[in-house]
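S.K.: For reference, the structure I am asking about is given below.
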Amino acid sequence: MQILIVMPYLSPCTLLKYIQTQRKGAGVWCFPENMAWSIFVQLISGVEYLHENLTVHQNITLDSVLFDSEKMRVVITGFNVAEIVPPDMDYRHTDATATLRQKHSPRRTYINPYFTAPETLEHANNGIRSQDRISIRAKSDLYSCGVILVS
């Protein structure tokens, strides 16, 4: 079985790289409000799409969001620690406890503590039901978007 992902070409510029480039020339620099709002709305829409399709990203950072400054478009990348929730365990509608199915075999992962919700760091798989763990991580995706907004 092969899985192919087709994406539009974006220059290999992340939000982090774009912000760093802008700050070099201006010292302290931030996005204009309308630009920040546009990026944030696209980011939240992308996370909403992931959650509707039962995928939790878990590592949304400035470095995992590609940015096309000409078209003002963002694309979420970096799904190396994302988890796919089994359809019978839809964390939005059920209390079922099932074993979480992961895209890859269990492994140590690095999650940036600055972009991760405190609940996720505090409860990092310590005796929490799979259902609650997924719900916390899904909320952590939204927390990460908020951190990006104020970055």
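Labels used: A, B, ... for chains in the order of the structure tokens, numbers from 1 for residues in each chain, and numbers from 1 for ligands as shown.
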Using DSSP assignments from the backbone, pull out every residue in range 28-83 of chain A that falls under strand (DSSP E) and give it to me as an mmCIF file with N, CA and C atoms, in the first residue's frame.
M.R.:
```
data_model
loop_
_atom_site.group_PDB
_atom_site.id
_atom_site.type_symbol
_atom_site.label_atom_id
_atom_site.label_comp_id
_atom_site.auth_asym_id
_atom_site.auth_seq_id
_atom_site.Cartn_x
_atom_site.Cartn_y
_atom_site.Cartn_z
ATOM 1 N N THR A 55 -7.352 13.643 13.704
ATOM 2 C CA THR A 55 -5.894 13.694 13.777
ATOM 3 C C THR A 55 -5.499 14.782 14.758
ATOM 4 N N VAL A 56 -4.602 14.440 15.663
ATOM 5 C CA VAL A 56 -4.089 15.398 16.640
ATOM 6 C C VAL A 56 -2.625 15.639 16.307
ATOM 7 N N VAL A 65 5.074 25.446 10.616
ATOM 8 C CA VAL A 65 4.089 26.130 9.785
ATOM 9 C C VAL A 65 4.838 26.827 8.648
ATOM 10 N N LEU A 66 4.606 26.368 7.416
ATOM 11 C CA LEU A 66 5.206 27.010 6.253
ATOM 12 C C LEU A 66 4.422 28.271 5.928
ATOM 13 N N PHE A 67 5.128 29.284 5.432
ATOM 14 C CA PHE A 67 4.497 30.580 5.179
ATOM 15 C C PHE A 67 4.908 31.105 3.812
ATOM 16 N N ASP A 68 3.930 31.426 2.995
ATOM 17 C CA ASP A 68 4.161 32.048 1.698
ATOM 18 C C ASP A 68 3.803 33.519 1.848
ATOM 19 N N ARG A 73 -0.275 32.829 2.719
ATOM 20 C CA ARG A 73 -0.865 31.517 2.922
ATOM 21 C C ARG A 73 0.023 30.697 3.848
ATOM 22 N N VAL A 74 -0.601 29.927 4.742
ATOM 23 C CA VAL A 74 0.148 29.047 5.639
ATOM 24 C C VAL A 74 -0.261 27.598 5.411
ATOM 25 N N VAL A 75 0.687 26.696 5.671
ATOM 26 C CA VAL A 75 0.445 25.264 5.563
ATOM 27 C C VAL A 75 1.072 24.607 6.787
ATOM 28 N N ILE A 76 0.304 23.773 7.462
ATOM 29 C CA ILE A 76 0.805 23.059 8.638
ATOM 30 C C ILE A 76 1.596 21.843 8.168
ATOM 31 N N GLU A 83 -0.964 11.985 16.034
ATOM 32 C CA GLU A 83 -1.653 10.736 16.346
ATOM 33 C C GLU A 83 -2.986 10.717 15.634
#
```
S.K.: Could you list, as a list in words, every residue within 9 Å of Arg137 in chain A, counting only C-alpha atoms and ignoring same-chain residues fewer than 6 positions away?
M.R.: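 Those residues are Val56, His57, Gln58, Thr116, Ala117, Glu119 and Thr120 of chain A.
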S.K.: Take the residues from that selection and put them in a file with N, CA and C atoms, as a compact mmCIF listing (two decimals), in the first residue's frame.
M.R.:
```txt
# COMPACT_ATOMS: atom_id res chain seq x y z
N VAL A 56 -4.60 14.44 15.66
CA VAL A 56 -4.09 15.40 16.64
C VAL A 56 -2.62 15.64 16.31
N HIS A 57 -2.25 16.88 16.02
CA HIS A 57 -0.90 17.21 15.56
C HIS A 57 0.13 17.09 16.67
N GLN A 58 -0.12 17.69 17.80
CA GLN A 58 0.69 17.65 19.03
C GLN A 58 1.98 18.44 19.01
N THR A 116 3.55 23.82 24.01
CA THR A 116 2.70 22.73 24.46
C THR A 116 1.93 23.16 25.71
N ALA A 117 0.65 22.84 25.74
CA ALA A 117 -0.20 23.22 26.88
C ALA A 117 0.34 22.60 28.16
N GLU A 119 -1.15 21.27 30.62
CA GLU A 119 -1.79 20.00 30.98
C GLU A 119 -1.10 18.82 30.29
N THR A 120 -0.70 19.03 29.05
CA THR A 120 -0.04 17.97 28.30
C THR A 120 1.31 17.63 28.92
```
S.K.: What lies within 12 Å of Ile60 in chain A using only C-alpha atoms, ignoring chain neighbours under 2 positions off, as a PyMOL selection string?
M.R.: chain A and resi 14-16+43-44+46-47+50+56-58+62-66+75-82+110-117+137-149
S.K.: Please compute the CA of Ser135 in chain A-CA of Asn59 in chain A distance, one decimal, in Å.
M.R.: 14.7 Å
S.K.: Give me, please, the distance in Å between CA of Ile84 in chain A and CA of Ser38 in chain A, quoted to one decimal.
M.R.: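 If I compute the distance from CA of Ile84 in chain A to CA of Ser38 in chain A, I get 27.5 Å.
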S.K.: As an exercise, work out the distance from CA of Ser69 in chain A to CA of Tyr18 in chain A in Å and give it to one decimal place.
M.R.: 8.3 Å
